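Remarks on the structure that follows.
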Amino acid sequence: MRPQMTQNRITVEATAPAPLDVAWKAYTSPDQIMQWNFASDDWHCPAASVDLKEGGKFTSRMEAKDGSMGFDFEGTYTKIIPNTRIEYAFGDRNAVVEFTPSGEQTHVKIAFDPDEHVPIDHQRDGWAAILGNFCQHVGRR
């Protein structure tokens, strides 16, 4: 099954200070996902699982560190091109993550279908903050 592409996708992108193989592994390894997959310092990701294949499932638990709230972000991989592209469905929405090497750095671009019930700016800012944490994480490796 190929994800439906919508015209109103939100896109965030950044250049990670790590070579492609390091960036890919950090994005697809549960132990590393737990170290960067949250939008602010008062949140964390205490659990993650990845079955990195088409039709495979993933989940990440995101929680406020004070325990006041949390949620599971989960979905199904719809296309995997190793070291290049990940497509997945989450609920009735879809996302595409593209990895482009640039010397010792990796450009990461994420495009996703918005949630109609959440302001666009809030969604973009949250996903951009998570991508920023990812870049900081791989920069420390």
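Residue numbering restarts at 1 in every chain; chains get A, B, ... in the order shown in the structure tokens, and ligands count up from 1 in that same order.
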List as a Markdown table every residue of stretch 67-101 of chain A that is in contact with stretch 36-56 of chain A, defined as an atom at most 6 Å from one of its atoms (using only C-alpha atoms), together with the nearest atom pair and the distance in Å rounded to one decimal, sorted by chain and then rising number.
| residue | atom | partner | partner_atom | distance |
| --- | --- | --- | --- | --- |
| A:Thr76 | CA | A:Gly56 | CA | 5.6 |
| A:Tyr77 | CA | A:Glu54 | CA | 5.1 |
| A:Thr78 | CA | A:Glu54 | CA | 5.0 |
| A:Lys79 | CA | A:Glu54 | CA | 5.3 |
Output C-alpha atoms for every residue in the selection just made, as an mmCIF file, in the first residue's frame.
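New file again_16.cif:
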data_model
loop_
_atom_site.group_PDB
_atom_site.id
_atom_site.type_symbol
_atom_site.label_atom_id
_atom_site.label_comp_id
_atom_site.auth_asym_id
_atom_site.auth_seq_id
_atom_site.Cartn_x
_atom_site.Cartn_y
_atom_site.Cartn_z
ATOM 1 C CA THR A 76 3.118 1.246 9.933
ATOM 2 C CA TYR A 77 6.003 1.533 7.503
ATOM 3 C CA THR A 78 4.709 1.626 3.920
ATOM 4 C CA LYS A 79 8.020 2.014 2.067
#
Between stretch 82-137 of chain A and stretch 13-35 of chain A, at 7 Å or less, what are the per-residue closest atom pairs and their distances in Å? Count only C-alpha atoms, order by chain and rising residue number, and return it as a Markdown table.
| residue | atom | partner | partner_atom | distance |
| --- | --- | --- | --- | --- |
| A:Asn83 | CA | A:Trp24 | CA | 5.8 |
| A:Pro101 | CA | A:Leu20 | CA | 5.5 |
| A:Gly103 | CA | A:Pro19 | CA | 7.0 |
| A:Glu104 | CA | A:Pro19 | CA | 4.5 |
| A:Gln105 | CA | A:Ala18 | CA | 4.6 |
| A:Thr106 | CA | A:Ala16 | CA | 5.1 |
| A:His107 | CA | A:Thr15 | CA | 4.2 |
| A:Val108 | CA | A:Glu13 | CA | 5.5 |
| A:Lys109 | CA | A:Glu13 | CA | 4.2 |
| A:Ile110 | CA | A:Glu13 | CA | 6.1 |
| A:Cys135 | CA | A:Ala16 | CA | 4.6 |
Just list as a PyMOL selection string whatever in stretch 57-112 of chain A DSSP marks as strand (DSSP E or B). chain A and resi 57-64+70-81+85-90+93-102+105-112
Can you tell me how far atom CA of A:Phe112 sits from atom CA of A:Ala95, in Å to one decimal? 4.1 Å
Selection: 6 Å around stretch 113-118 of chain A, only C-alpha atoms, excl. self and same-chain fewer than 6 positions, as a PyMOL selection string: chain A and resi 9+93-94
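Distance check against A:Val12 using only C-alpha atoms: of A:Asn133, A:Trp127, A:Gly139, A:Thr100, the minimum falls on A:Trp127.
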List the spatial neighbours of A:Phe71 as a ChimeraX atom specification - criterion: any atom at most 8 Å away, only C-alpha atoms, same-chain residues fewer than 3 positions off excluded. /A:61-63
Dump of all heavy atoms for the selected residues, as a compact mmCIF listing (two decimals), in the first residue's frame:
# COMPACT_ATOMS: atom_id res chain seq x y z
N ARG A 61 6.72 6.03 22.81
CA ARG A 61 5.95 6.57 23.93
C ARG A 61 6.54 7.93 24.28
O ARG A 61 7.75 8.04 24.55
CB ARG A 61 6.02 5.64 25.14
CG ARG A 61 5.31 6.17 26.37
CD ARG A 61 3.82 6.12 26.21
NE ARG A 61 3.16 6.75 27.37
CZ ARG A 61 1.90 7.09 27.36
NH1 ARG A 61 1.14 6.87 26.30
NH2 ARG A 61 1.36 7.66 28.42
N MET A 62 5.73 8.98 24.24
CA MET A 62 6.17 10.32 24.61
C MET A 62 5.41 10.71 25.87
O MET A 62 4.19 10.57 25.92
CB MET A 62 5.91 11.29 23.48
CG MET A 62 6.70 10.97 22.23
SD MET A 62 6.38 12.20 20.96
CE MET A 62 7.11 11.40 19.56
N GLU A 63 6.15 11.18 26.88
CA GLU A 63 5.53 11.54 28.15
C GLU A 63 6.16 12.80 28.72
O GLU A 63 7.37 13.03 28.57
CB GLU A 63 5.74 10.44 29.20
CG GLU A 63 5.02 9.16 28.92
CD GLU A 63 5.27 8.11 30.00
OE1 GLU A 63 6.11 8.35 30.91
OE2 GLU A 63 4.64 7.06 29.92
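You will find atom CA of A:Phe58 at 8.2 Å from atom CA of A:Phe73.
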Enumerate as a PyMOL selection string all residues of chain A assigned to alpha helix (DSSP H) by DSSP on the backbone, naming them with the chain letters and numbers the document uses. chain A and resi 20-28+30-36+120-139
Restricted to N, CA and C atoms, what would the selected residues look like written as a short mmCIF file (atom, residue, chain, number, x, y, z; two decimals), in the first residue's frame?
data_model
loop_
_atom_site.label_atom_id
_atom_site.label_comp_id
_atom_site.auth_asym_id
_atom_site.auth_seq_id
_atom_site.Cartn_x
_atom_site.Cartn_y
_atom_site.Cartn_z
N LEU A 20 25.66 9.93 6.72
CA LEU A 20 24.40 9.25 6.45
C LEU A 20 24.21 7.99 7.28
N ASP A 21 25.20 7.12 7.37
CA ASP A 21 25.00 5.86 8.10
C ASP A 21 24.72 6.11 9.57
N VAL A 22 25.34 7.12 10.17
CA VAL A 22 25.11 7.45 11.57
C VAL A 22 23.70 8.03 11.75
N ALA A 23 23.31 8.93 10.86
CA ALA A 23 21.98 9.54 10.94
C ALA A 23 20.88 8.49 10.76
N TRP A 24 21.03 7.62 9.77
CA TRP A 24 20.03 6.57 9.52
C TRP A 24 19.87 5.68 10.74
N LYS A 25 20.99 5.24 11.30
CA LYS A 25 20.92 4.35 12.47
C LYS A 25 20.26 5.06 13.64
N ALA A 26 20.58 6.32 13.87
CA ALA A 26 19.97 7.06 14.98
C ALA A 26 18.47 7.24 14.79
N TYR A 27 18.04 7.34 13.54
CA TYR A 27 16.61 7.55 13.25
C TYR A 27 15.81 6.26 13.34
N THR A 28 16.49 5.13 13.20
CA THR A 28 15.78 3.85 13.09
C THR A 28 16.07 2.87 14.22
N PRO A 30 15.64 1.86 18.15
CA PRO A 30 14.84 2.23 19.33
C PRO A 30 15.64 2.84 20.46
N ASP A 31 16.81 2.30 20.76
CA ASP A 31 17.60 2.84 21.88
C ASP A 31 18.03 4.29 21.61
N GLN A 32 18.27 4.63 20.36
CA GLN A 32 18.64 6.01 20.03
C GLN A 32 17.39 6.91 19.93
N ILE A 33 16.30 6.38 19.38
CA ILE A 33 15.06 7.17 19.29
C ILE A 33 14.66 7.69 20.66
N MET A 34 14.81 6.87 21.69
CA MET A 34 14.44 7.28 23.05
C MET A 34 15.29 8.45 23.55
N GLN A 35 16.43 8.70 22.93
CA GLN A 35 17.31 9.77 23.37
C GLN A 35 17.00 11.12 22.72
N TRP A 36 16.21 11.13 21.63
CA TRP A 36 15.95 12.40 20.94
C TRP A 36 14.49 12.68 20.60
N ILE A 120 -1.63 24.46 12.55
CA ILE A 120 -0.49 24.10 11.69
C ILE A 120 0.83 24.52 12.33
N ASP A 121 0.89 25.76 12.85
CA ASP A 121 2.14 26.25 13.45
C ASP A 121 2.57 25.37 14.62
N HIS A 122 1.61 24.94 15.42
CA HIS A 122 1.92 24.09 16.58
C HIS A 122 2.52 22.76 16.11
N GLN A 123 1.92 22.17 15.06
CA GLN A 123 2.43 20.90 14.54
C GLN A 123 3.83 21.07 13.95
N ARG A 124 4.00 22.09 13.13
CA ARG A 124 5.30 22.33 12.49
C ARG A 124 6.37 22.58 13.55
N ASP A 125 6.05 23.41 14.54
CA ASP A 125 7.03 23.73 15.58
C ASP A 125 7.41 22.49 16.39
N GLY A 126 6.43 21.64 16.71
CA GLY A 126 6.71 20.43 17.48
C GLY A 126 7.59 19.46 16.71
N TRP A 127 7.25 19.21 15.45
CA TRP A 127 8.05 18.29 14.64
C TRP A 127 9.44 18.87 14.38
N ALA A 128 9.53 20.19 14.20
CA ALA A 128 10.84 20.82 13.99
C ALA A 128 11.69 20.71 15.26
N ALA A 129 11.08 20.84 16.43
CA ALA A 129 11.83 20.71 17.68
C ALA A 129 12.36 19.29 17.84
N ILE A 130 11.55 18.31 17.50
CA ILE A 130 12.00 16.91 17.57
C ILE A 130 13.16 16.68 16.60
N LEU A 131 13.04 17.21 15.38
CA LEU A 131 14.12 17.08 14.41
C LEU A 131 15.38 17.80 14.91
N GLY A 132 15.21 18.92 15.57
CA GLY A 132 16.36 19.61 16.16
C GLY A 132 17.04 18.77 17.23
N ASN A 133 16.25 18.09 18.07
CA ASN A 133 16.82 17.17 19.06
C ASN A 133 17.58 16.04 18.39
N PHE A 134 17.02 15.54 17.29
CA PHE A 134 17.69 14.48 16.53
C PHE A 134 19.06 14.97 16.06
N CYS A 135 19.12 16.18 15.50
CA CYS A 135 20.38 16.72 15.00
C CYS A 135 21.39 16.90 16.14
N GLN A 136 20.93 17.38 17.29
CA GLN A 136 21.83 17.51 18.44
C GLN A 136 22.34 16.14 18.88
N HIS A 137 21.45 15.16 18.89
CA HIS A 137 21.83 13.81 19.31
C HIS A 137 22.93 13.24 18.41
N VAL A 138 22.74 13.30 17.10
CA VAL A 138 23.75 12.72 16.21
C VAL A 138 25.04 13.53 16.22
N GLY A 139 24.94 14.81 16.55
CA GLY A 139 26.13 15.65 16.65
C GLY A 139 27.01 15.29 17.83
#
